[in-house]
Amino acid sequence: MEILDYLEAYSKAQKLSGFHFILLSAALFLLSGGLQFFFQSSDLASGLKIGALVCGLLFAVMGFSYRNYVDKMQSATVEQFRANPAEALQTEQLRMEKTLREFPLYQYVFAGIIVIGLLVVLFVGSGFWQGIAYSMILTFWGAMVIETGSSHPSMIEYEQGIEMLTERSR
């Protein structure tokens with residue numbers, strides 16, 4: 001498998017991850033709308049509705065932005081490989097090492113937000129803030145699942161492809 005094939009597979013997985021963020025935002029919008037139209041107004045429902053709406057907007061922007069970023073990154077990387085394969089391979093190896101190193105950080109941040117949400121649920125008496133916390137827990141749990149399922153295996157495969165080609169070129 002050539003490096004551009006690895007890049008293609010990696011980019012597809014990253015775009016899929018962005019699409020999953022968009023789907024998560026759609027589910028949050030549906031939750032917010034459902035709460036608005038089908039449930040009695042309560043502090044908890046209001047907090048959950050507003051939290052789901054805000055998190056949905058945030059993840060919709062993230063999903064669309066990420067998909068656009070991946071397209072631009074893939075185009076630039078392909079051009080770089082065509083112009084100077086050795087330099088592009090070194091650049092990609094450094095970028096993927098950084099990506100793999102930072103991947104757990106995102107999971108820790110998502111887990112931290114979930115823990116904060118749980119603390120709010122347990123220790124804050126306001127139903128409104130508990131509703132916001134529940135929406136944060138739901139959102140960032142979904143983000144952890146998306147990131148773990150969609151991105152990480154393709155990052156490792158791409159990194160292994162880069163390492164293999166680097167070794168072969170020496």
# chains A, B, ... in the order shown; residues from 1 in each chain; ligands from 1
>>> residues_around(residues="Gly112 of chain A", least_positions_apart="3", cutoff="12 Å", atoms="only C-alpha atoms", output="list of chain:residue names")
A:Leu105, A:Tyr106, A:Gln107, A:Tyr108, A:Val109, A:Val115, A:Ile116, A:Gly117, A:Leu118, A:Leu119, A:Met136, A:Ile137, A:Phe140, A:Trp141, A:Met144
>>> residues_around(residues="Val121 of chain A", least_positions_apart="2", cutoff="12 Å", atoms="only C-alpha atoms", output="ChimeraX atom specification")
/A:44,47-48,114-119,123-137
>>> closest_residue(among="A:Leu100, A:Ile162, A:Leu7, A:Ala26", to="Ala60 of chain A", atoms="only C-alpha atoms")
A:Ala26
>>> residues_around(residues="Ala88 of chain A", least_positions_apart="4", cutoff="12 Å", atoms="only C-alpha atoms", output="list in words")
Ile3, Leu4, Leu7, Gln74, Ala76, Thr77, Val78, Glu79, Gln80, Phe81, Arg82, Ala83, Asn84, Glu92, Gln93, Leu94, Arg95, Met96, Ile162, Leu165 and Thr166 of chain A
>>> closest_residue(among="A:Met164, A:Ile156, A:Ile146, A:Ala9", to="Val70 of chain A", atoms="only C-alpha atoms")
A:Ala9
>>> closest_residue(among="A:Cys55, A:Ile50, A:Met62, A:Val120", to="Ser17 of chain A", atoms="only C-alpha atoms")
A:Met62
>>> atom_distance(atom1="atom CA of Gly149 of chain A", atom2="atom CA of Phe59 of chain A")
17.0 Å
>>> residues_around(residues="Asp71 of chain A", least_positions_apart="6", cutoff="12 Å", atoms="only C-alpha atoms", output="compact mmCIF listing (two decimals) with C-alpha atoms, in the first residue's frame")
# COMPACT_ATOMS: atom_id res chain seq x y z
CA LEU A 7 -3.46 9.00 3.62
CA GLU A 8 -6.73 8.35 1.80
CA TYR A 10 -6.83 8.05 7.24
CA SER A 11 -8.63 11.04 5.71
CA LYS A 12 -11.80 9.01 5.14
CA ALA A 13 -11.81 7.94 8.79
CA GLN A 14 -11.26 11.53 9.90
CA LYS A 15 -14.11 12.77 7.69
CA LEU A 16 -16.30 10.02 9.13
CA GLY A 18 -16.50 14.77 11.59
CA PHE A 64 -18.31 20.76 9.57
CA SER A 65 -15.06 22.57 10.37
CA THR A 77 -0.24 16.64 1.87
CA VAL A 78 -0.84 15.08 -1.55
>>> closest_residue(among="A:Ile22, A:Gly63, A:Thr139, A:Gly34", to="Ile113 of chain A", atoms="only C-alpha atoms")
A:Thr139
>>> atom_distance(atom1="atom CA of His20 of chain A", atom2="atom CA of Leu53 of chain A")
16.8 Å
